[in-house]
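Encoded as C-alpha cells, the structure appears first; notes follow it.
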Amino acid sequence: MEWDTLQLMVYGEDLANVDVISENDGLVILGVNTVENSSYLFVDVAVSETLEAGNYNLIFVRDGAETEFYYPILERENSSKKHLGFSNEDVIYLIFADRFCDGNSGNNNIDDSLDKFTSADLDGRKGGDIEGIISKLDYLKALGVTALWITPMLENNMWMSYHGYAATDLYKIDQRFGSNELYKKLVEEAHKKDLKIILDHVSNHIGINHHWVNNLPSKDWINGTLDYFIPASHDKIAFLDVHGDSNMVKFHQDGWFSNYMPDLNQRNFYLKNYLIQNTIWWIEFAGIDGIREDTYPYNDQKYLSEWAEEILKEYPNFNIVGEVWQGTPVILSGYQRNSPVRKLNFDSNLPSVTDFALSDAIRNFLSGRKNIYNIYEIIAQDMVYSDPDNLVVFIDNHDIDRAMLTAERNIDIFKIALNLILFTRGIPAIFYGTEIGIEGGKKHGELRQPFPGGFTGDLRNAFTQAGRTDEEEELFLYLKKLLTLRKEYPVLALGKLTHFYPMENVYVLQKTYNDKKAIIIITAGDERHQVHTTQLKIFLPGENKLRNIITNEIIDLNSNEVIQFDDNSAEIFIVEN
C-alpha cells in the first residue's frame, strides 16, 4: 500500500519505559513514542513490499520481562468492483440505518446497552440493521439507484444514539446493526449487483462513552475538557472569511455540538494519524467506494486536507463528499478542491461538497416561498465551483424536512423537484422513502420514520407493489421511470448543461453529450403554458425534431406551431433528426 508506515496505538499500563522488537526484517520498528499518559504507546512500523501475509510477532520488553503480541498483516483483496468512487453517472440512495429495515430482530436488545430498544419512542431505536439492508438490495437495484450512502453504523453505546453519529469504538460495527464481517458482506453483496457503498464518516467528534474520554492519551486529544468546552459556533463562513477573526474559526472548529459529543483535536499528531489510518483501514477492509464526511467545516481544515490527500493517493478512483451545510454557492465552493475563490495557502483536496444552495432553492420552490427563477439563479453561479458536476444534489436528507412535507403533498411540484436533481448537473442523492412520498414530520424522529414493511408489526409492506397505496405506486413508478431514462440516455446524466432564463415560468434545460442532445422543459404555475416551435428553434438552431422519451410524441421544430404544456410539469425530449 502507499500508506506503508503504520503508527500503532498500544494501550496498557505503565508503558513509559517499554521497548518494542520485531522478529521479522520485513516489519521494521522505526520508533517507539511515549506520550504524557503512560497508558499509551505509539509504535511506528514500516511494512516491506515483500512482506507476505501472516501473523507477525511483536515483542514488548521492559526490565528484562517480555510480552508477545501477534500483529496480522492481511493479503489485499484486489477487485475491479472495489473503490470505484461515485460520479454524476450515479444516483445515490441515502439509507438511515436504524429506520430502513430490521432483518434480524434478535440483535435489537443488547444486555449492556445504554440505549435500550424502544420502538415506540420517536428518538428510540427501531431495529434497522445490516441484514435488513442486504435483504432489500434487489428492491434498490430494481428502483434504479446505483450507490448507497448509509448513515454511520459504528458502535454507539450511548443514550439516544440511534443516529450513529456518536461513536464509542472507531473499529467496531455496533452489535445492533451486525458485525464487521457482516458489514463487509453487505459491501460484497451490493457489488455483486453493481451497487456502490458510501461510508458515512465522522472525524469531528466521538461519543462521550468512548474509552478514550476518561483516559485521554494526552490533554490535547480533545478540544476543551469534560468540565469546560466551547459550544460549537455554526459560522461555516469563518474559515474562508478574509475579514474574519481567528477566534470565530476556533469557536467553529473547536466547539462541541453537545456535552455528549467531545470534539476531537486533529492537530494532535498521533490522533491525526490514527484517524487517517482508521479511514484507510475501513476502505481496505470492507472495499467501499466513497465517503460522505460528516460536519466537514467543523473539523481542523489542514487535517482534512491531508486526510483527503492520503485517501486519494491510496485510491485514485475514490470520491469524497464533504457535508457543508451552507446555502451560498461561493461559500460552498471554497471547500471544494481547486476552488477558484479560495484564497488560502493550502488546498482542501476535497473532490465534492453537498449542494445545499440548490437544495434550498428547490425547497423554496416546493414551499411556494420563491419561484423557478431562484433555481435558475443558483445554477447560474456555478462559475464559482471547480467542478459543478461533482456536487451532490438533493431535495432533502436525514436532517431537514422531507420534500413531500415541504411541498404539502403537491405531487406535481414534487415531481418537478425530482427532475431538477436528476437532470440539471451533479450527483443526485435520494432520501429513503422518497420513492413512495414519505412525508414525515418536523422532528428528527418523525422525518426519519421507519420504512413501511421493514419492521415487525407493520400493517403493510411498501417494498412491494401490493403494499403501496395508489399514490405511492404512482410516485414509485414515476421515479423508477426517470432513473431508467437516466441510464438509457447517458446525455441526461453526463451532458453539459445549458439553461435558459425562465420566461413566464417556463424553464428550459439543455444537456449535450458527444453528439446527443436532450431538452427538459419545466413549467411552473397553475396555468397551462404555450411554447412556440420558433422559441425552441432559437435554442436548437439546425435541429428538426424532438421526441418526448416518455410519451414518444414528436415535435416538428419546423412546423411553426404552438405546443401546449400542462401546469407544473416536466417533459423530457431527445433531439432526433
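Labels for the C-alpha cells follow display order: chains A, B, ..., residues from 1 in each chain, ligands from 1.
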Backbone DSSP call of helix (DSSP H, G or I) for segment 87-288 of chain A, listed as a PyMOL selection string:
chain A and resi 97-100+105-107+130-135+137-143+180-192+219-221+238-240+246-254+269-286
Please report, as JSON lines, each residue of segment 206-292 of chain A lying at most 12 Å from segment 323-330 of chain A, together with the nearest pair of atoms and the separation in Å rounded to one decimal; use only C-alpha atoms, and order rows by chain and ascending residue number.
{"residue": "A:His234", "atom": "CA", "partner": "A:Trp325", "partner_atom": "CA", "distance": 9.4}
{"residue": "A:Asp235", "atom": "CA", "partner": "A:Gln326", "partner_atom": "CA", "distance": 9.3}
{"residue": "A:Lys236", "atom": "CA", "partner": "A:Gln326", "partner_atom": "CA", "distance": 7.1}
{"residue": "A:Ile237", "atom": "CA", "partner": "A:Gln326", "partner_atom": "CA", "distance": 8.4}
{"residue": "A:Ala238", "atom": "CA", "partner": "A:Gln326", "partner_atom": "CA", "distance": 11.9}
{"residue": "A:Leu240", "atom": "CA", "partner": "A:Val330", "partner_atom": "CA", "distance": 10.0}
{"residue": "A:Asp241", "atom": "CA", "partner": "A:Val330", "partner_atom": "CA", "distance": 11.0}
{"residue": "A:Ile291", "atom": "CA", "partner": "A:Glu323", "partner_atom": "CA", "distance": 10.4}
{"residue": "A:Arg292", "atom": "CA", "partner": "A:Glu323", "partner_atom": "CA", "distance": 7.0}
Could you give me, as a list in words, the residues within 10 Å of Arg402 of chain A, counting only C-alpha atoms and dropping anything in the same chain fewer than 4 positions from it?
Arg363, Ile395, Asp396, Asn397, His398, Thr406, Ala407, Phe431, Gly433, Thr434, Gly437, Ile438, Glu439, Gly440, Gly441, Lys442, Glu446, Leu447 and Arg448 of chain A
Output the selection as a CSV table (one decimal), in the first residue's frame - all heavy atoms for each residue.
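Result went into selection.csv, see below:
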chain,number,residue,atom,x,y,z
A,363,ARG,N,-36.3,23.7,-2.5
A,363,ARG,CA,-37.2,23.6,-1.4
A,363,ARG,C,-38.0,24.9,-1.2
A,363,ARG,O,-39.2,24.8,-0.9
A,363,ARG,CB,-36.4,23.3,-0.1
A,363,ARG,CG,-35.8,21.9,-0.1
A,363,ARG,CD,-34.8,21.7,1.1
A,363,ARG,NE,-35.5,21.8,2.3
A,363,ARG,CZ,-36.2,20.8,2.9
A,363,ARG,NH1,-36.4,19.6,2.2
A,363,ARG,NH2,-36.8,20.9,4.0
A,395,ILE,N,-33.0,17.0,-2.5
A,395,ILE,CA,-34.1,17.8,-2.1
A,395,ILE,C,-34.4,17.7,-0.6
A,395,ILE,O,-35.1,18.5,-0.1
A,395,ILE,CB,-35.4,17.5,-3.0
A,395,ILE,CG1,-35.7,16.0,-3.0
A,395,ILE,CG2,-35.2,18.1,-4.4
A,395,ILE,CD1,-37.0,15.7,-3.7
A,396,ASP,N,-33.9,16.7,0.0
A,396,ASP,CA,-34.0,16.5,1.4
A,396,ASP,C,-33.0,15.5,1.9
A,396,ASP,O,-32.3,14.8,1.1
A,396,ASP,CB,-35.4,16.1,1.8
A,396,ASP,CG,-35.9,14.9,1.1
A,396,ASP,OD1,-35.1,14.1,0.5
A,396,ASP,OD2,-37.1,14.6,1.2
A,397,ASN,N,-32.8,15.4,3.2
A,397,ASN,CA,-32.0,14.3,3.8
A,397,ASN,C,-32.4,14.1,5.2
A,397,ASN,O,-33.5,14.4,5.6
A,397,ASN,CB,-30.5,14.8,3.7
A,397,ASN,CG,-30.2,16.0,4.5
A,397,ASN,OD1,-30.9,16.3,5.5
A,397,ASN,ND2,-29.1,16.7,4.2
A,398,HIS,N,-31.6,13.4,6.0
A,398,HIS,CA,-32.0,13.0,7.3
A,398,HIS,C,-32.0,14.1,8.4
A,398,HIS,O,-32.3,13.8,9.5
A,398,HIS,CB,-31.0,11.8,7.8
A,398,HIS,CG,-29.6,12.2,7.8
A,398,HIS,ND1,-29.0,12.7,6.7
A,398,HIS,CD2,-28.6,12.2,8.8
A,398,HIS,CE1,-27.7,13.0,7.0
A,398,HIS,NE2,-27.5,12.7,8.2
A,406,THR,N,-42.6,19.6,2.7
A,406,THR,CA,-42.4,21.0,2.3
A,406,THR,C,-43.3,21.3,1.1
A,406,THR,O,-43.8,22.4,1.0
A,406,THR,CB,-40.9,21.1,1.8
A,406,THR,OG1,-40.0,20.8,2.9
A,406,THR,CG2,-40.6,22.6,1.4
A,407,ALA,N,-43.6,20.3,0.3
A,407,ALA,CA,-44.5,20.5,-0.9
A,407,ALA,C,-46.0,20.4,-0.5
A,407,ALA,O,-46.8,20.6,-1.4
A,407,ALA,CB,-44.2,19.5,-2.0
A,431,PHE,N,-33.3,10.5,-0.6
A,431,PHE,CA,-33.5,10.0,0.8
A,431,PHE,C,-34.5,8.8,0.7
A,431,PHE,O,-35.5,8.8,0.0
A,431,PHE,CB,-34.1,11.2,1.6
A,431,PHE,CG,-34.1,10.9,3.1
A,431,PHE,CD1,-33.2,10.1,3.7
A,431,PHE,CD2,-35.0,11.6,3.9
A,431,PHE,CE1,-33.2,9.9,5.1
A,431,PHE,CE2,-35.0,11.5,5.2
A,431,PHE,CZ,-34.1,10.6,5.8
A,433,GLY,N,-37.4,6.3,1.1
A,433,GLY,CA,-38.8,6.6,1.2
A,433,GLY,C,-39.3,7.7,0.3
A,433,GLY,O,-40.5,7.9,0.1
A,434,THR,N,-38.4,8.5,-0.4
A,434,THR,CA,-38.8,9.5,-1.3
A,434,THR,C,-39.6,8.8,-2.5
A,434,THR,O,-40.5,9.4,-3.0
A,434,THR,CB,-37.6,10.2,-1.9
A,434,THR,OG1,-36.9,11.0,-0.8
A,434,THR,CG2,-37.9,11.2,-3.0
A,437,GLY,N,-43.0,8.8,-1.4
A,437,GLY,CA,-43.6,10.0,-0.9
A,437,GLY,C,-43.8,10.1,0.6
A,437,GLY,O,-44.7,10.7,1.1
A,438,ILE,N,-42.9,9.5,1.3
A,438,ILE,CA,-42.9,9.6,2.8
A,438,ILE,C,-42.9,11.1,3.2
A,438,ILE,O,-42.1,11.8,2.7
A,438,ILE,CB,-41.8,8.8,3.5
A,438,ILE,CG1,-42.1,7.3,3.4
A,438,ILE,CG2,-41.7,9.2,5.0
A,438,ILE,CD1,-41.0,6.5,4.1
A,439,GLU,N,-43.8,11.5,4.0
A,439,GLU,CA,-43.9,12.9,4.4
A,439,GLU,C,-43.2,13.2,5.7
A,439,GLU,O,-42.7,14.3,5.8
A,439,GLU,CB,-45.4,13.3,4.5
A,439,GLU,CG,-45.7,14.7,4.7
A,439,GLU,CD,-47.2,15.1,4.6
A,439,GLU,OE1,-48.0,14.2,4.2
A,439,GLU,OE2,-47.6,16.2,4.9
A,440,GLY,N,-43.2,12.3,6.6
A,440,GLY,CA,-42.5,12.5,7.9
A,440,GLY,C,-43.2,13.7,8.7
A,440,GLY,O,-44.4,13.9,8.7
A,441,GLY,N,-42.3,14.4,9.4
A,441,GLY,CA,-42.8,15.5,10.3
A,441,GLY,C,-41.7,16.4,10.6
A,441,GLY,O,-40.6,16.3,10.0
A,442,LYS,N,-41.9,17.4,11.5
A,442,LYS,CA,-40.9,18.4,11.7
A,442,LYS,C,-39.7,17.9,12.6
A,442,LYS,O,-38.6,18.4,12.5
A,442,LYS,CB,-41.6,19.6,12.4
A,442,LYS,CG,-42.5,20.4,11.5
A,442,LYS,CD,-41.7,21.2,10.5
A,442,LYS,CE,-42.5,22.1,9.6
A,442,LYS,NZ,-41.7,22.8,8.6
A,446,GLU,N,-39.5,12.0,13.5
A,446,GLU,CA,-40.6,11.9,12.5
A,446,GLU,C,-40.1,11.9,11.1
A,446,GLU,O,-40.6,11.0,10.3
A,446,GLU,CB,-41.5,13.1,12.7
A,446,GLU,CG,-42.2,13.1,14.1
A,446,GLU,CD,-43.0,14.4,14.3
A,446,GLU,OE1,-42.7,15.4,13.7
A,446,GLU,OE2,-44.0,14.3,15.1
A,447,LEU,N,-39.2,12.7,10.7
A,447,LEU,CA,-38.7,12.7,9.3
A,447,LEU,C,-37.9,11.4,9.0
A,447,LEU,O,-37.8,11.0,7.9
A,447,LEU,CB,-38.0,14.0,9.0
A,447,LEU,CG,-36.6,14.2,9.6
A,447,LEU,CD1,-35.5,13.7,8.6
A,447,LEU,CD2,-36.4,15.7,9.8
A,448,ARG,N,-37.4,10.8,10.1
A,448,ARG,CA,-36.6,9.6,9.9
A,448,ARG,C,-37.5,8.4,10.3
A,448,ARG,O,-37.1,7.4,10.9
A,448,ARG,CB,-35.4,9.6,10.9
A,448,ARG,CG,-34.5,10.7,10.7
A,448,ARG,CD,-33.5,10.9,11.8
A,448,ARG,NE,-32.6,12.0,11.6
A,448,ARG,CZ,-31.7,12.5,12.6
A,448,ARG,NH1,-31.7,11.9,13.8
A,448,ARG,NH2,-30.9,13.4,12.3
Give the answer as one residue: which of A:Asn57, A:Thr50, A:Asn107, A:Asn577 has the shortest atom-to-atom distance to Ile29 of chain A, using only C-alpha atoms?
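Residue with the minimum atom-to-atom distance to Ile29 of chain A: A:Asn57.
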Which residues are close to segment 524-539 of chain A, i.e. within 10 Å by only C-alpha atoms, leaving aside same-chain residues fewer than 5 positions away? Reply as an NGL selection string.
:A and (365 or 371-373 or 412-413 or 416 or 498-500 or 502 or 504-510 or 519 or 544-546 or 555-570)
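Using only C-alpha atoms, the smallest distance between any of A:Val10, A:Ile430, A:Ile283, A:Ala518 and Glu543 of chain A comes from A:Ala518.
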Could you name the residues that touch Ser105 of chain A at 8 Å or less, counting only C-alpha atoms, but leaving out those on the same chain fewer than 3 positions away, as a ChimeraX atom specification?
/A:102,108,127
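Checking A:Ala142, A:Val18, A:Tyr432, A:Leu350 one by one against Leu94 of chain A, counting only C-alpha atoms, you find the shortest gap at A:Tyr432.
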If we count only C-alpha atoms, what is near Leu140 of chain A at a cut-off of 12 Å, once residues fewer than 4 positions away on the same chain are taken out, given as a list in words?
Val91, Ile92, Tyr93, Leu94, Ile95, Phe100, Ile133, Ile134, Ser135, Lys136, Gly144, Val145, Thr146, Ala147, Leu148, Ala190, Lys193, Asp194, Leu195, Lys196, Ile430, Tyr432, Gly433, Glu435, Phe463, Thr464, Phe476, Lys480 and Leu483 of chain A
Please list as a count of residues only every residue within 8 Å of Ile130 of chain A, counting only C-alpha atoms and excluding residues in the same chain fewer than 6 positions away.
7
Hey, can you check how far atom CA of Asp347 of chain A sits from atom CA of Ala308 of chain A?
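A separation of 10.3 Å between them.
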What is the distance between atom CA of Gly426 of chain A and atom CA of Gln277 of chain A, in Å to one decimal?
29.6 Å
Between A:Gly445, A:Pro541, A:Gly31, A:Gly495, which residue has the minimum interatomic distance to Glu89 of chain A, considering only C-alpha atoms?
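Once distances to Glu89 of chain A are computed over only C-alpha atoms, the minimum belongs to A:Gly495.
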Two-atom distance - atom CA of Asp169 of chain A, atom CA of Asn17 of chain A (Å):
27.3 Å
Have a look at A:Phe251, A:Glu314, A:Phe285, A:Asn265 and name the one nearest to Glu181 of chain A; count only C-alpha atoms.
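Once distances to Glu181 of chain A are computed over only C-alpha atoms, the minimum belongs to A:Phe285.
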Hey, which of A:Ser79, A:Tyr315, A:Ile206, A:Arg176 ends up closest to Ile110 of chain A? Count only C-alpha atoms.
A:Arg176
Using DSSP secondary structure from the backbone, list all strand (DSSP E or B) positions within segment 469-544 of chain A, as a PDB file with C-alpha atoms, in the first residue's frame.
ATOM      1  CA  LYS A 496     -23.029  19.514 -20.320  1.00  0.00           C
ATOM      2  CA  LEU A 497     -25.770  21.777 -19.016  1.00  0.00           C
ATOM      3  CA  THR A 498     -27.033  24.846 -20.825  1.00  0.00           C
ATOM      4  CA  HIS A 499     -30.091  26.525 -19.339  1.00  0.00           C
ATOM      5  CA  PHE A 500     -32.224  29.436 -20.403  1.00  0.00           C
ATOM      6  CA  TYR A 501     -33.729  32.275 -18.414  1.00  0.00           C
ATOM      7  CA  PRO A 502     -37.210  31.199 -17.233  1.00  0.00           C
ATOM      8  CA  MET A 503     -39.729  33.360 -19.075  1.00  0.00           C
ATOM      9  CA  VAL A 506     -41.068  28.126 -18.385  1.00  0.00           C
ATOM     10  CA  TYR A 507     -37.567  26.839 -17.589  1.00  0.00           C
ATOM     11  CA  VAL A 508     -35.678  25.110 -20.413  1.00  0.00           C
ATOM     12  CA  LEU A 509     -32.620  22.943 -19.740  1.00  0.00           C
ATOM     13  CA  GLN A 510     -30.409  21.529 -22.476  1.00  0.00           C
ATOM     14  CA  LYS A 511     -27.940  18.670 -21.978  1.00  0.00           C
ATOM     15  CA  THR A 512     -25.252  17.893 -24.578  1.00  0.00           C
ATOM     16  CA  TYR A 513     -23.040  14.805 -24.578  1.00  0.00           C
ATOM     17  CA  LYS A 516     -26.544  13.742 -28.385  1.00  0.00           C
ATOM     18  CA  LYS A 517     -28.834  16.489 -27.097  1.00  0.00           C
ATOM     19  CA  ALA A 518     -31.687  16.419 -24.599  1.00  0.00           C
ATOM     20  CA  ILE A 519     -34.171  19.115 -23.688  1.00  0.00           C
ATOM     21  CA  ILE A 520     -36.036  19.278 -20.362  1.00  0.00           C
ATOM     22  CA  ILE A 521     -38.939  21.737 -20.305  1.00  0.00           C
ATOM     23  CA  ILE A 522     -40.246  22.629 -16.844  1.00  0.00           C
ATOM     24  CA  THR A 523     -43.415  24.652 -16.460  1.00  0.00           C
ATOM     25  CA  HIS A 529     -48.262  27.117 -20.874  1.00  0.00           C
ATOM     26  CA  GLN A 530     -47.732  27.661 -24.561  1.00  0.00           C
ATOM     27  CA  VAL A 531     -44.350  27.334 -26.227  1.00  0.00           C
ATOM     28  CA  HIS A 532     -43.940  28.130 -29.899  1.00  0.00           C
TER      29      HIS A 532
END
